[in-house]
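This is work-v3.cif. It holds mmCIF, C-alpha atoms.
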data_upload
#
loop_
_atom_site.group_PDB
_atom_site.id
_atom_site.type_symbol
_atom_site.label_atom_id
_atom_site.label_comp_id
_atom_site.auth_asym_id
_atom_site.auth_seq_id
_atom_site.Cartn_x
_atom_site.Cartn_y
_atom_site.Cartn_z
ATOM 1 C CA MET D 167 17.647 4.796 12.171
ATOM 2 C CA GLN D 168 18.230 1.078 11.844
ATOM 3 C CA ILE D 169 15.443 -0.508 9.755
ATOM 4 C CA PRO D 170 14.497 -3.919 11.159
ATOM 5 C CA LEU D 171 14.313 -6.932 8.848
ATOM 6 C CA ILE D 172 10.631 -7.869 9.099
ATOM 7 C CA GLY D 173 9.903 -9.173 5.618
ATOM 8 C CA LYS D 174 10.892 -12.400 3.933
ATOM 9 C CA GLY D 175 10.527 -11.320 0.330
ATOM 10 C CA GLU D 176 6.767 -10.703 0.431
ATOM 11 C CA SER D 177 5.577 -8.410 -2.344
ATOM 12 C CA ILE D 178 4.145 -4.982 -1.630
ATOM 13 C CA LEU D 179 2.607 -2.814 -4.341
ATOM 14 C CA VAL D 180 3.102 0.901 -3.624
ATOM 15 C CA VAL D 181 0.894 3.333 -5.565
ATOM 16 C CA ASP D 182 1.423 7.093 -5.464
ATOM 17 C CA ASP D 183 1.880 9.682 -8.198
ATOM 18 C CA ASP D 184 4.598 11.441 -6.168
ATOM 19 C CA ARG D 185 7.725 9.618 -7.296
ATOM 20 C CA ASN D 186 9.761 11.017 -4.401
ATOM 21 C CA VAL D 187 7.311 9.462 -1.936
ATOM 22 C CA THR D 188 7.304 6.079 -3.674
ATOM 23 C CA GLU D 189 11.108 5.975 -3.859
ATOM 24 C CA VAL D 190 11.506 6.717 -0.141
ATOM 25 C CA ILE D 191 8.888 4.127 0.811
ATOM 26 C CA ALA D 192 10.526 1.594 -1.531
ATOM 27 C CA VAL D 193 13.978 2.070 0.007
ATOM 28 C CA ILE D 194 12.578 1.585 3.511
ATOM 29 C CA LEU D 195 10.531 -1.482 2.578
ATOM 30 C CA ARG D 196 13.398 -3.091 0.649
ATOM 31 C CA HIS D 197 15.702 -2.632 3.647
ATOM 32 C CA ALA D 198 12.962 -4.229 5.761
ATOM 33 C CA GLY D 199 13.035 -7.328 3.531
ATOM 34 C CA PHE D 200 10.140 -6.832 1.120
ATOM 35 C CA LYS D 201 9.950 -7.006 -2.672
ATOM 36 C CA VAL D 202 8.500 -3.660 -3.781
ATOM 37 C CA THR D 203 6.731 -2.706 -6.997
ATOM 38 C CA LEU D 204 6.044 0.981 -7.654
ATOM 39 C CA LYS D 205 3.171 2.310 -9.737
ATOM 40 C CA HIS D 206 2.118 5.916 -10.196
ATOM 41 C CA ASN D 207 -1.507 5.626 -11.296
ATOM 42 C CA VAL D 208 -4.508 3.364 -10.829
ATOM 43 C CA ALA D 209 -4.499 1.840 -14.318
ATOM 44 C CA ASP D 210 -0.883 0.662 -14.010
ATOM 45 C CA ALA D 211 -1.537 -0.627 -10.485
ATOM 46 C CA MET D 212 -4.521 -2.677 -11.653
ATOM 47 C CA SER D 213 -2.474 -4.086 -14.517
ATOM 48 C CA GLU D 214 0.243 -5.077 -12.039
ATOM 49 C CA ILE D 215 -2.321 -6.768 -9.771
ATOM 50 C CA ASP D 216 -3.544 -8.749 -12.791
ATOM 51 C CA LYS D 217 0.028 -9.926 -13.460
ATOM 52 C CA GLN D 218 0.875 -10.795 -9.861
ATOM 53 C CA ILE D 219 -1.369 -10.360 -6.828
ATOM 54 C CA PRO D 220 0.795 -8.743 -4.134
ATOM 55 C CA HIS D 221 0.874 -9.770 -0.498
ATOM 56 C CA ALA D 222 -0.084 -6.184 0.447
ATOM 57 C CA ILE D 223 -0.862 -2.786 -1.077
ATOM 58 C CA ILE D 224 0.096 0.705 0.075
ATOM 59 C CA THR D 225 -1.784 3.436 -1.784
ATOM 60 C CA GLU D 226 -2.489 7.134 -1.888
ATOM 61 C CA LEU D 227 -6.175 7.964 -2.260
ATOM 62 C CA VAL D 228 -5.662 11.046 -4.446
ATOM 63 C CA LEU D 229 -4.276 9.859 -7.790
ATOM 64 C CA PRO D 230 -4.262 11.447 -11.258
ATOM 65 C CA ASP D 231 -6.390 8.979 -13.228
ATOM 66 C CA MET D 232 -8.832 7.504 -10.697
ATOM 67 C CA SER D 233 -9.203 7.255 -6.931
ATOM 68 C CA GLY D 234 -7.078 5.065 -4.708
ATOM 69 C CA LEU D 235 -10.429 3.627 -3.651
ATOM 70 C CA ASP D 236 -10.514 1.918 -7.045
ATOM 71 C CA ILE D 237 -7.253 0.141 -6.210
ATOM 72 C CA ILE D 238 -8.618 -0.925 -2.833
ATOM 73 C CA ARG D 239 -11.789 -2.323 -4.415
ATOM 74 C CA TYR D 240 -9.825 -4.079 -7.158
ATOM 75 C CA GLY D 241 -7.340 -5.559 -4.716
ATOM 76 C CA ARG D 242 -10.200 -6.803 -2.528
ATOM 77 C CA GLN D 243 -11.786 -8.538 -5.543
ATOM 78 C CA LYS D 244 -8.529 -10.433 -6.100
ATOM 79 C CA ASN D 245 -7.724 -11.245 -2.453
ATOM 80 C CA THR D 246 -10.213 -10.400 0.300
ATOM 81 C CA GLU D 247 -7.637 -10.922 3.069
ATOM 82 C CA MET D 248 -4.826 -8.790 1.621
ATOM 83 C CA PRO D 249 -3.671 -6.004 3.963
ATOM 84 C CA ILE D 250 -4.062 -2.561 2.416
ATOM 85 C CA MET D 251 -2.550 0.595 3.892
ATOM 86 C CA VAL D 252 -3.474 4.131 2.919
ATOM 87 C CA ILE D 253 -0.792 6.825 3.090
ATOM 88 C CA SER D 254 -2.515 9.952 1.920
ATOM 89 C CA THR D 255 -2.983 13.672 2.048
ATOM 90 C CA ALA D 256 -6.737 12.941 2.233
ATOM 91 C CA THR D 257 -6.958 11.673 5.817
ATOM 92 C CA GLY D 258 -10.526 12.525 6.645
ATOM 93 C CA GLY D 259 -14.002 12.616 5.270
ATOM 94 C CA PHE D 260 -15.759 10.609 2.619
ATOM 95 C CA GLN D 261 -12.798 8.839 0.996
ATOM 96 C CA MET D 262 -11.409 7.608 4.307
ATOM 97 C CA GLY D 263 -14.845 6.360 5.319
ATOM 98 C CA GLN D 264 -15.134 4.455 2.060
ATOM 99 C CA ALA D 265 -11.635 3.023 2.449
ATOM 100 C CA ARG D 266 -12.694 1.703 5.869
ATOM 101 C CA GLU D 267 -15.845 0.196 4.339
ATOM 102 C CA TYR D 268 -13.641 -1.679 1.861
ATOM 103 C CA GLY D 269 -11.654 -3.156 4.740
ATOM 104 C CA THR D 270 -8.654 -0.854 4.970
ATOM 105 C CA GLU D 271 -7.573 -0.555 8.581
ATOM 106 C CA ILE D 272 -4.225 1.223 8.414
ATOM 107 C CA PHE D 273 -4.116 4.933 7.604
ATOM 108 C CA LEU D 274 -1.137 7.257 7.737
ATOM 109 C CA ALA D 275 -1.128 10.966 6.976
ATOM 110 C CA LYS D 276 1.578 12.460 4.789
ATOM 111 C CA PRO D 277 4.296 13.205 5.548
ATOM 112 C CA VAL D 278 4.905 9.865 7.246
ATOM 113 C CA ALA D 279 7.781 9.209 9.625
ATOM 114 C CA ILE D 280 10.032 6.202 9.018
ATOM 115 C CA ASP D 281 9.359 4.685 12.440
ATOM 116 C CA GLU D 282 5.605 5.093 11.944
ATOM 117 C CA LEU D 283 5.793 3.382 8.532
ATOM 118 C CA ILE D 284 7.838 0.489 9.957
ATOM 119 C CA GLU D 285 5.389 0.088 12.843
ATOM 120 C CA MET D 286 2.384 -0.088 10.513
ATOM 121 C CA VAL D 287 4.104 -2.415 8.017
ATOM 122 C CA THR D 288 4.969 -4.701 10.931
ATOM 123 C CA LYS D 289 1.276 -4.712 11.855
ATOM 124 C CA MET D 290 0.355 -5.406 8.197
ATOM 125 C CA LYS D 291 2.882 -8.261 8.049
ATOM 126 C CA LEU D 292 0.868 -10.165 10.642
ATOM 127 C CA ASP D 293 -2.043 -10.285 8.173
ATOM 128 C CA MET D 294 -0.084 -11.170 5.031
ATOM 129 C CA ARG D 295 -1.013 -14.458 3.406
ATOM 130 C CA PRO D 296 0.410 -16.074 0.308
ATOM 131 C CA ALA D 297 -0.968 -14.363 -2.796
#
What's the structure tokens form of this structure?
Amino acid sequence: MQIPLIGKGESILVVDDDRNVTEVIAVILRHAGFKVTLKHNVADAMSEIDKQIPHAIITELVLPDMSGLDIIRYGRQKNTEMPIMVISTATGGFQMGQAREYGTEIFLAKPVAIDELIEMVTKMKLDMRPA
């Protein structure tokens, strides 16, 4: 599959404890023209946000140290307009409802297809503002 160039160097923070998942997502997003930072737990993700607020965040909800909801809340405190996508094994119930309450509009269930990821990142790109 040809990955379209949709980014112009915008930064996306990807948070997931599954390193295989983050590496695949990173390769796709880099080919699509984005700068990608990978973190594998909430604490490191929050530290990264403190260093440089990304243009967008992609997070798993089920993480080893805290919930992905904590990343969503933290990101929203730093930039209320930042697009946040959830790619998770937890695609229903309480956590998804809370993610929606915090303003997350894009949800993908694992495993995610490349074309589905590109489609949703394209949608997210429309909402990206300078950090």
Long-range neighbours of Met290 in chain D as a PyMOL selection string, 10 Å cut-off, only C-alpha atoms, 3 positions minimum in chain
chain D and resi 221-223+248-251+271-272+284-287+293-294
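Counting all atoms listed in the file and comparing D:Arg266, D:Lys291, D:Lys217, D:Lys276, the residue that lies closest to Val187 in chain D is D:Lys276.
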Kindly indicate which residue among D:Met167, D:Val190, D:Ala279, D:Leu179 lies nearest to Gln218 in chain D, using all atoms listed in the file for the distances.
D:Leu179
Can you list, as a PyMOL selection string, every protein, DNA or RNA residue that comes within 6 Å of His206 in chain D when you count all atoms listed in the file, leaving out same-chain residues fewer than 4 positions away?
chain D and resi 181-183
Residue with smallest distance to His197 in chain D - pool D:Thr270, D:Gln168, D:Ser177, D:Thr225, counting only C-alpha atoms:
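Ranked by minimum distance to His197 in chain D, first place goes to D:Gln168.
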Within 9 Å of Leu235 in chain D, counting all atoms listed in the file, which residues show up once you throw out same-chain ones fewer than 3 positions away? Write them as a ChimeraX atom specification, please.
/D:225-228,232,238-240,261-262,264-265,268
What is the CA of Gly234 in chain D-CA of Ile253 in chain D distance in Å, reported with one decimal?
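Distance reported for this atom pair: 10.2 Å.
In this structure, CA of Asn207 in chain D sits 29.2 Å away from CA of Pro170 in chain D.
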For Ile172 in chain D, work out the shell of residues within 7 Å, counting only C-alpha atoms and skipping chain neighbours fewer than 4 positions away, then give it as number ranges by chain.
D: 198-199, 288
Rank nothing, just name the residue among D:Leu229, D:Leu204, D:Leu171, D:Ile215 nearest to Glu189 in chain D, using all atoms listed in the file.
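Of all the options, D:Leu204 lies closest to Glu189 in chain D.
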